[in-house]
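Novice: Input structure: start_11.cif, which contains mmCIF, C-alpha atoms, pLDDT in the B column; chains and numbers go by the auth columns.
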data_final
loop_
_atom_site.group_PDB
_atom_site.id
_atom_site.type_symbol
_atom_site.label_atom_id
_atom_site.label_comp_id
_atom_site.label_asym_id
_atom_site.label_seq_id
_atom_site.Cartn_x
_atom_site.Cartn_y
_atom_site.Cartn_z
_atom_site.B_iso_or_equiv
_atom_site.auth_seq_id
_atom_site.auth_asym_id
ATOM 1 C CA MET A 1 -51.883 -5.693 -17.306 56.00 1 Q
ATOM 2 C CA LYS A 2 -49.652 -3.021 -18.840 59.00 2 Q
ATOM 3 C CA ARG A 3 -48.681 -1.871 -15.352 62.00 3 Q
ATOM 4 C CA LEU A 4 -47.769 -5.412 -14.360 52.00 4 Q
ATOM 5 C CA ILE A 5 -45.555 -5.870 -17.430 61.00 5 Q
ATOM 6 C CA LEU A 6 -43.940 -2.457 -16.921 52.00 6 Q
ATOM 7 C CA SER A 7 -43.323 -3.192 -13.227 60.00 7 Q
ATOM 8 C CA THR A 8 -41.800 -6.571 -14.084 59.00 8 Q
ATOM 9 C CA VAL A 9 -39.496 -5.081 -16.727 56.00 9 Q
ATOM 10 C CA LEU A 10 -38.396 -2.292 -14.368 58.00 10 Q
ATOM 11 C CA GLY A 11 -37.831 -4.795 -11.544 59.00 11 Q
ATOM 12 C CA ILE A 12 -35.701 -7.053 -13.734 63.00 12 Q
ATOM 13 C CA SER A 13 -33.715 -4.055 -15.013 59.00 13 Q
ATOM 14 C CA PHE A 14 -33.063 -2.917 -11.447 60.00 14 Q
ATOM 15 C CA VAL A 15 -31.885 -6.362 -10.316 57.00 15 Q
ATOM 16 C CA LEU A 16 -29.606 -6.719 -13.360 55.00 16 Q
ATOM 17 C CA SER A 17 -28.098 -3.277 -12.782 58.00 17 Q
ATOM 18 C CA LEU A 18 -27.310 -4.176 -9.157 58.00 18 Q
ATOM 19 C CA SER A 19 -25.558 -7.398 -10.057 61.00 19 Q
ATOM 20 C CA ALA A 20 -23.481 -5.693 -12.757 67.00 20 Q
ATOM 21 C CA GLN A 21 -21.893 -3.140 -10.427 91.00 21 Q
ATOM 22 C CA GLU A 22 -18.133 -3.012 -10.215 95.00 22 Q
ATOM 23 C CA TYR A 23 -16.127 -1.253 -7.508 97.00 23 Q
ATOM 24 C CA LYS A 24 -12.619 0.210 -7.532 97.00 24 Q
ATOM 25 C CA VAL A 25 -10.591 1.542 -4.609 97.00 25 Q
ATOM 26 C CA VAL A 26 -7.989 4.300 -5.005 98.00 26 Q
ATOM 27 C CA THR A 27 -5.961 5.283 -1.938 97.00 27 Q
ATOM 28 C CA SER A 28 -4.134 8.469 -1.045 97.00 28 Q
ATOM 29 C CA VAL A 29 -1.455 8.411 1.639 94.00 29 Q
ATOM 30 C CA GLU A 30 -0.308 11.802 2.886 91.00 30 Q
ATOM 31 C CA SER A 31 2.629 12.042 5.249 87.00 31 Q
ATOM 32 C CA ILE A 32 2.320 13.914 8.515 81.00 32 Q
ATOM 33 C CA VAL A 33 5.996 13.416 9.329 78.00 33 Q
ATOM 34 C CA PRO A 34 7.654 16.670 10.407 72.00 34 Q
ATOM 35 C CA ASN A 35 10.415 18.331 8.370 70.00 35 Q
ATOM 36 C CA GLY A 36 9.103 17.001 5.051 66.00 36 Q
ATOM 37 C CA LEU A 37 10.770 13.629 5.512 74.00 37 Q
ATOM 38 C CA GLY A 38 7.708 11.494 4.712 79.00 38 Q
ATOM 39 C CA ARG A 39 6.372 10.144 1.422 88.00 39 Q
ATOM 40 C CA SER A 40 2.921 10.962 0.049 93.00 40 Q
ATOM 41 C CA ARG A 41 1.231 9.229 -2.895 96.00 41 Q
ATOM 42 C CA ILE A 42 -1.999 8.333 -4.688 97.00 42 Q
ATOM 43 C CA ILE A 43 -2.003 4.570 -5.300 97.00 43 Q
ATOM 44 C CA ASN A 44 -4.209 2.944 -7.941 97.00 44 Q
ATOM 45 C CA ALA A 45 -3.864 -0.818 -8.476 96.00 45 Q
ATOM 46 C CA LEU A 46 -3.939 -1.797 -12.150 96.00 46 Q
ATOM 47 C CA ASP A 47 -4.175 -5.549 -11.466 93.00 47 Q
ATOM 48 C CA ASP A 48 -7.313 -7.297 -10.269 93.00 48 Q
ATOM 49 C CA LYS A 49 -7.106 -9.781 -7.427 93.00 49 Q
ATOM 50 C CA ASP A 50 -9.667 -12.325 -6.268 93.00 50 Q
ATOM 51 C CA TYR A 51 -9.711 -12.230 -2.475 92.00 51 Q
ATOM 52 C CA LYS A 52 -10.966 -15.828 -2.389 91.00 52 Q
ATOM 53 C CA GLU A 53 -7.566 -17.044 -3.596 92.00 53 Q
ATOM 54 C CA TYR A 54 -6.007 -15.748 -0.369 92.00 54 Q
ATOM 55 C CA THR A 55 -8.783 -16.615 2.066 91.00 55 Q
ATOM 56 C CA SER A 56 -9.043 -19.572 4.410 89.00 56 Q
ATOM 57 C CA VAL A 57 -11.927 -20.589 6.635 89.00 57 Q
ATOM 58 C CA GLN A 58 -11.241 -21.359 10.278 88.00 58 Q
ATOM 59 C CA THR A 59 -13.480 -23.818 12.093 89.00 59 Q
ATOM 60 C CA GLU A 60 -13.378 -25.658 15.425 89.00 60 Q
ATOM 61 C CA THR A 61 -12.220 -28.808 13.681 90.00 61 Q
ATOM 62 C CA ASP A 62 -9.922 -27.194 11.117 85.00 62 Q
ATOM 63 C CA ASN A 63 -7.955 -24.168 12.243 83.00 63 Q
ATOM 64 C CA THR A 64 -5.187 -24.584 9.689 85.00 64 Q
ATOM 65 C CA ARG A 65 -3.207 -21.402 9.256 85.00 65 Q
ATOM 66 C CA ASN A 66 -3.694 -19.369 6.072 88.00 66 Q
ATOM 67 C CA LYS A 67 -0.635 -20.159 3.975 87.00 67 Q
ATOM 68 C CA SER A 68 -1.090 -17.542 1.264 90.00 68 Q
ATOM 69 C CA SER A 69 2.227 -16.261 0.015 90.00 69 Q
ATOM 70 C CA ARG A 70 2.806 -12.532 0.459 91.00 70 Q
ATOM 71 C CA LYS A 71 4.617 -12.368 -2.879 92.00 71 Q
ATOM 72 C CA ASP A 72 1.505 -13.745 -4.616 91.00 72 Q
ATOM 73 C CA ILE A 73 -0.756 -11.208 -2.921 92.00 73 Q
ATOM 74 C CA ARG A 74 1.364 -8.191 -3.875 93.00 74 Q
ATOM 75 C CA VAL A 75 0.315 -6.100 -6.848 93.00 75 Q
ATOM 76 C CA LYS A 76 3.234 -5.105 -9.033 93.00 76 Q
ATOM 77 C CA ASN A 77 1.272 -3.093 -11.596 96.00 77 Q
ATOM 78 C CA PHE A 78 -0.046 0.114 -10.112 96.00 78 Q
ATOM 79 C CA GLU A 79 -0.121 3.844 -10.703 96.00 79 Q
ATOM 80 C CA GLU A 80 1.789 5.922 -8.184 96.00 80 Q
ATOM 81 C CA THR A 81 1.143 9.659 -8.247 97.00 81 Q
ATOM 82 C CA LYS A 82 3.453 11.754 -6.117 96.00 82 Q
ATOM 83 C CA LEU A 83 1.822 14.073 -3.609 95.00 83 Q
ATOM 84 C CA LEU A 84 3.475 16.676 -1.415 92.00 84 Q
ATOM 85 C CA ASN A 85 3.944 16.179 2.317 89.00 85 Q
ATOM 86 C CA PHE A 86 1.844 18.206 4.766 86.00 86 Q
ATOM 87 C CA PHE A 87 4.968 19.470 6.542 81.00 87 Q
ATOM 88 C CA ASN A 88 8.257 20.953 5.451 78.00 88 Q
ATOM 89 C CA ILE A 89 11.176 22.218 7.500 77.00 89 Q
ATOM 90 C CA GLY A 90 9.141 25.283 8.553 79.00 90 Q
ATOM 91 C CA GLY A 91 6.057 23.356 9.689 78.00 91 Q
ATOM 92 C CA ILE A 92 2.686 22.812 8.052 83.00 92 Q
ATOM 93 C CA ARG A 93 2.703 23.852 4.393 87.00 93 Q
ATOM 94 C CA PHE A 94 -0.730 24.986 3.178 93.00 94 Q
ATOM 95 C CA GLN A 95 0.468 25.273 -0.439 93.00 95 Q
ATOM 96 C CA ASN A 96 1.271 21.553 -0.333 91.00 96 Q
ATOM 97 C CA ILE A 97 -2.249 20.769 0.875 93.00 97 Q
ATOM 98 C CA ALA A 98 -3.724 22.907 -1.931 97.00 98 Q
ATOM 99 C CA ALA A 99 -1.484 21.147 -4.490 96.00 99 Q
ATOM 100 C CA ASN A 100 -2.595 17.736 -3.196 96.00 100 Q
ATOM 101 C CA ASP A 101 -6.235 18.818 -3.393 97.00 101 Q
ATOM 102 C CA ALA A 102 -5.725 19.848 -7.030 98.00 102 Q
ATOM 103 C CA LEU A 103 -4.146 16.476 -7.890 98.00 103 Q
ATOM 104 C CA LEU A 104 -6.841 14.518 -6.044 97.00 104 Q
ATOM 105 C CA SER A 105 -9.571 16.554 -7.782 98.00 105 Q
ATOM 106 C CA SER A 106 -7.947 15.801 -11.122 98.00 106 Q
ATOM 107 C CA MET A 107 -7.830 12.070 -10.317 97.00 107 Q
ATOM 108 C CA ILE A 108 -11.481 12.018 -9.214 98.00 108 Q
ATOM 109 C CA ASN A 109 -12.590 13.971 -12.308 98.00 109 Q
ATOM 110 C CA ASN A 110 -10.637 11.573 -14.537 97.00 110 Q
ATOM 111 C CA MET A 111 -12.305 8.560 -12.915 97.00 111 Q
ATOM 112 C CA ILE A 112 -15.733 10.158 -13.419 98.00 112 Q
ATOM 113 C CA GLU A 113 -14.902 10.935 -17.078 98.00 113 Q
ATOM 114 C CA ASN A 114 -14.107 7.226 -17.467 97.00 114 Q
ATOM 115 C CA GLY A 115 -17.544 6.158 -16.262 97.00 115 Q
ATOM 116 C CA TRP A 116 -16.860 5.714 -12.536 97.00 116 Q
ATOM 117 C CA GLU A 117 -19.028 7.254 -9.831 97.00 117 Q
ATOM 118 C CA LEU A 118 -17.541 8.256 -6.473 98.00 118 Q
ATOM 119 C CA ALA A 119 -19.584 6.139 -4.071 97.00 119 Q
ATOM 120 C CA PHE A 120 -17.787 6.415 -0.725 97.00 120 Q
ATOM 121 C CA VAL A 121 -14.830 8.166 0.871 97.00 121 Q
ATOM 122 C CA THR A 122 -13.269 7.028 4.118 97.00 122 Q
ATOM 123 C CA SER A 123 -10.198 8.358 5.887 94.00 123 Q
ATOM 124 C CA ALA A 124 -8.070 7.850 8.978 92.00 124 Q
ATOM 125 C CA VAL A 125 -4.970 9.183 10.669 88.00 125 Q
ATOM 126 C CA GLU A 126 -2.284 6.934 12.131 82.00 126 Q
ATOM 127 C CA SER A 127 0.269 8.175 14.585 75.00 127 Q
ATOM 128 C CA ASP A 128 1.692 6.669 17.762 65.00 128 Q
ATOM 129 C CA SER A 129 1.563 10.103 19.492 65.00 129 Q
ATOM 130 C CA GLY A 130 4.074 8.966 22.086 66.00 130 Q
ATOM 131 C CA LYS A 131 7.090 10.828 23.372 70.00 131 Q
ATOM 132 C CA GLY A 132 9.012 12.364 20.469 67.00 132 Q
ATOM 133 C CA ASP A 133 6.398 11.147 17.975 65.00 133 Q
ATOM 134 C CA GLY A 134 7.627 11.861 14.499 64.00 134 Q
ATOM 135 C CA LYS A 135 5.636 9.412 12.452 73.00 135 Q
ATOM 136 C CA GLY A 136 2.211 9.323 10.945 80.00 136 Q
ATOM 137 C CA ILE A 137 0.060 9.158 7.839 85.00 137 Q
ATOM 138 C CA PHE A 138 -3.270 10.494 6.737 89.00 138 Q
ATOM 139 C CA ILE A 139 -4.887 7.848 4.528 93.00 139 Q
ATOM 140 C CA THR A 140 -8.009 8.245 2.405 96.00 140 Q
ATOM 141 C CA ARG A 141 -9.764 5.555 0.392 97.00 141 Q
ATOM 142 C CA TYR A 142 -11.893 6.654 -2.545 98.00 142 Q
ATOM 143 C CA ILE A 143 -14.382 3.937 -3.503 98.00 143 Q
ATOM 144 C CA PHE A 144 -15.769 4.235 -7.023 98.00 144 Q
ATOM 145 C CA LYS A 145 -18.498 2.194 -8.691 97.00 145 Q
ATOM 146 C CA LYS A 146 -19.626 1.572 -12.235 96.00 146 Q
#
Rewrite the coordinates I just gave you, this time as structure tokens.

Specialist:
Amino acid sequence: MKRLILSTVLGISFVLSLSAQEYKVVTSVESIVPNGLGRSRIINALDDKDYKEYTSVQTETDNTRNKSSRKDIRVKNFEETKLLNFFNIGGIRFQNIAANDALLSSMINNMIENGWELAFVTSAVESDSGKGDGKGIFITRYIFKK
């Protein structure tokens, strides 16, 4: 009987802890534009948004276009931390990468100190790579949970 009660209490605690989880996404954008002309930042939204307010459902009978206003979707309150670009006039700049790593480590440590746990990290590179390509970004999303 004691085992049954203990198992029930543990099961309820586990279910409640799952439903109480909160997630936060912080994004770093690092420029891979030659000659140091790009912009690199850590972006952390300070406003919460409910995606449902900007979501429509398309069906066979109702394929009405989503009429969400871009100005309503935009977040105007966010932290913007300057990072250094990967390249300068002389090419790739390893000191800039080390400086960015130090700032990103500081941001992650601060989030952890504030009760967040780093749950996932995902990254991608965007560049058209065509003739005379001079554009591109390296983007990383840090997904934290509480």

Novice: Between atom CA of Asn96 of chain Q and atom CA of Leu46 of chain Q, what is the distance, to one decimal in Å?

Specialist: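 One can read the atom CA of Asn96 of chain Q to atom CA of Leu46 of chain Q distance as 26.7 Å.
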
Novice: Tell me which of Q:Ile89, Q:Arg65, Q:Lys82, Q:Tyr142 sits closest to Trp116 of chain Q, counting only C-alpha atoms.

Specialist: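 Closest to Trp116 of chain Q of all the choices is Q:Tyr142.
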
Novice: Figure out the distance between atom CA of Met107 of chain Q and atom CA of Lys52 of chain Q, please, to one decimal in Å.

Specialist: 29.2 Å

Novice: Would you kindly identify which residues have an atom no farther than 7 Å from (-0.5, 6.1, -11.9), using all atoms listed in the file and the file's own coordinates, and write them out as a list of chain:residue names?

Specialist: Q:Ile43, Q:Asn44, Q:Phe78, Q:Glu79, Q:Glu80, Q:Thr81

Novice: Between atom CA of Ile112 of chain Q and atom CA of Lys146 of chain Q, what is the distance, to one decimal in Å?

Specialist: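 Answer for the atom CA of Ile112 of chain Q to atom CA of Lys146 of chain Q separation: 9.5 Å.
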
Novice: Measuring atom to atom with all atoms listed in the file, identify which of Q:Val125, Q:Gly136, Q:Glu117, Q:Lys131 is nearest to Gln21 of chain Q.

Specialist: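 Of Q:Val125, Q:Gly136, Q:Glu117, Q:Lys131, the one nearest Gln21 of chain Q, counting all atoms listed in the file, is Q:Glu117.
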
Novice: Between segment 12-118 of chain Q and segment 137-141 of chain Q, at 8 Å or less, what are the per-residue closest atom pairs and their distances in Å? Count only C-alpha atoms, order by chain and rising residue number, and return it as JSON lines.

Specialist:
{"residue": "Q:Val25", "atom": "CA", "partner": "Q:Arg141", "partner_atom": "CA", "distance": 6.5}
{"residue": "Q:Val26", "atom": "CA", "partner": "Q:Arg141", "partner_atom": "CA", "distance": 5.8}
{"residue": "Q:Thr27", "atom": "CA", "partner": "Q:Arg141", "partner_atom": "CA", "distance": 4.5}
{"residue": "Q:Ser28", "atom": "CA", "partner": "Q:Thr140", "partner_atom": "CA", "distance": 5.2}
{"residue": "Q:Val29", "atom": "CA", "partner": "Q:Ile139", "partner_atom": "CA", "distance": 4.5}
{"residue": "Q:Glu30", "atom": "CA", "partner": "Q:Phe138", "partner_atom": "CA", "distance": 5.0}
{"residue": "Q:Ser31", "atom": "CA", "partner": "Q:Ile137", "partner_atom": "CA", "distance": 4.7}
{"residue": "Q:Ile32", "atom": "CA", "partner": "Q:Ile137", "partner_atom": "CA", "distance": 5.3}
{"residue": "Q:Val33", "atom": "CA", "partner": "Q:Ile137", "partner_atom": "CA", "distance": 7.5}

Novice: Apply the PyMOL selection byres ((chain Q and resi 56) around 9) to the structure shown and report the selected residues as a list of chain:residue names.

Specialist: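 Here the PyMOL selection byres ((chain Q and resi 56) around 9) matches Q:Lys52, Q:Glu53, Q:Tyr54, Q:Thr55, Q:Val57, Q:Gln58, Q:Thr64, Q:Arg65, Q:Asn66, Q:Lys67, Q:Ser68.
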
Novice: Which is closer to Thr122 of chain Q than all the others in Q:Leu103, Q:Lys135, Q:Ile97, Q:Ile143, using only C-alpha atoms?

Specialist: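 Smallest distance to Thr122 of chain Q is found for Q:Ile143.
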
Novice: I'd like to know which of Q:Phe144, Q:Asp62, Q:Asn85, Q:Gly90 is closest to Ala119 of chain Q, using only C-alpha atoms.

Specialist: Q:Phe144

Novice: From the options Q:Asn63, Q:Ile92, Q:Ala45, Q:Asn110, which residue's atoms come nearest to Asn77 of chain Q, counting all atoms listed in the file?

Specialist: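 For Asn77 of chain Q, the nearest of the given residues is Q:Ala45.
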
Novice: Calculate, to one decimal in Å, the centre and edge lengths of the box along x, y and z of the file that holds all listed atoms of segment 47-63 of chain Q with 6 Å of margin on each side, and present them as JSON.

Specialist:
{"center_x": -8.8, "center_y": -17.2, "center_z": 2.0, "size_x": 21.3, "size_y": 35.3, "size_z": 38.9}

Novice: Restore N, CA, C and O atoms in segment 63-83 of chain Q and list the result as a short mmCIF file (atom, residue, chain, number, x, y, z; two decimals), keeping the file's coordinate frame.

Specialist:
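So rebuild18.cif came out as:
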data_model
loop_
_atom_site.label_atom_id
_atom_site.label_comp_id
_atom_site.auth_asym_id
_atom_site.auth_seq_id
_atom_site.Cartn_x
_atom_site.Cartn_y
_atom_site.Cartn_z
N ASN Q 63 -8.45 -25.53 12.05
CA ASN Q 63 -7.96 -24.17 12.24
C ASN Q 63 -6.58 -24.03 11.60
O ASN Q 63 -5.68 -23.38 12.13
N THR Q 64 -6.44 -24.65 10.43
CA THR Q 64 -5.19 -24.58 9.69
C THR Q 64 -4.89 -23.14 9.32
O THR Q 64 -5.76 -22.41 8.86
N ARG Q 65 -3.66 -22.77 9.52
CA ARG Q 65 -3.21 -21.40 9.26
C ARG Q 65 -3.31 -21.07 7.77
O ARG Q 65 -3.08 -21.92 6.91
N ASN Q 66 -3.65 -19.83 7.46
CA ASN Q 66 -3.69 -19.37 6.07
C ASN Q 66 -2.26 -19.32 5.55
O ASN Q 66 -1.42 -18.62 6.09
N LYS Q 67 -2.00 -20.05 4.50
CA LYS Q 67 -0.64 -20.16 3.98
C LYS Q 67 -0.45 -19.40 2.67
O LYS Q 67 0.44 -19.72 1.89
N SER Q 68 -1.25 -18.37 2.45
CA SER Q 68 -1.09 -17.54 1.26
C SER Q 68 0.28 -16.89 1.28
O SER Q 68 0.74 -16.40 2.31
N SER Q 69 0.91 -16.87 0.13
CA SER Q 69 2.23 -16.26 0.02
C SER Q 69 2.10 -14.75 -0.19
O SER Q 69 1.36 -14.29 -1.06
N ARG Q 70 2.84 -13.99 0.59
CA ARG Q 70 2.81 -12.53 0.46
C ARG Q 70 3.20 -12.09 -0.94
O ARG Q 70 2.65 -11.14 -1.48
N LYS Q 71 4.17 -12.78 -1.54
CA LYS Q 71 4.62 -12.37 -2.88
C LYS Q 71 3.52 -12.57 -3.92
O LYS Q 71 3.45 -11.84 -4.90
N ASP Q 72 2.62 -13.54 -3.69
CA ASP Q 72 1.50 -13.74 -4.62
C ASP Q 72 0.41 -12.70 -4.42
O ASP Q 72 -0.31 -12.37 -5.36
N ILE Q 73 0.27 -12.20 -3.22
CA ILE Q 73 -0.76 -11.21 -2.92
C ILE Q 73 -0.36 -9.84 -3.46
O ILE Q 73 -1.22 -9.07 -3.91
N ARG Q 74 0.90 -9.52 -3.46
CA ARG Q 74 1.36 -8.19 -3.88
C ARG Q 74 0.95 -7.87 -5.30
O ARG Q 74 0.95 -8.72 -6.18
N VAL Q 75 0.63 -6.61 -5.51
CA VAL Q 75 0.32 -6.10 -6.85
C VAL Q 75 1.54 -5.35 -7.35
O VAL Q 75 2.03 -4.45 -6.67
N LYS Q 76 2.03 -5.74 -8.49
CA LYS Q 76 3.23 -5.11 -9.03
C LYS Q 76 2.91 -4.06 -10.09
O LYS Q 76 3.76 -3.27 -10.45
N ASN Q 77 1.69 -4.06 -10.59
CA ASN Q 77 1.27 -3.09 -11.60
C ASN Q 77 0.30 -2.10 -10.96
O ASN Q 77 -0.85 -2.43 -10.70
N PHE Q 78 0.81 -0.91 -10.70
CA PHE Q 78 -0.05 0.11 -10.11
C PHE Q 78 0.46 1.50 -10.51
O PHE Q 78 1.62 1.67 -10.86
N GLU Q 79 -0.47 2.45 -10.48
CA GLU Q 79 -0.12 3.84 -10.70
C GLU Q 79 0.28 4.44 -9.36
O GLU Q 79 -0.36 4.19 -8.34
N GLU Q 80 1.33 5.23 -9.39
CA GLU Q 80 1.79 5.92 -8.18
C GLU Q 80 1.95 7.39 -8.55
O GLU Q 80 2.81 7.75 -9.35
N THR Q 81 1.09 8.22 -7.99
CA THR Q 81 1.14 9.66 -8.25
C THR Q 81 1.74 10.35 -7.03
O THR Q 81 1.23 10.18 -5.92
N LYS Q 82 2.79 11.08 -7.23
CA LYS Q 82 3.45 11.75 -6.12
C LYS Q 82 2.60 12.90 -5.60
O LYS Q 82 2.07 13.70 -6.38
N LEU Q 83 2.46 12.96 -4.29
CA LEU Q 83 1.82 14.07 -3.61
C LEU Q 83 2.88 14.76 -2.76
O LEU Q 83 3.96 14.20 -2.52
#
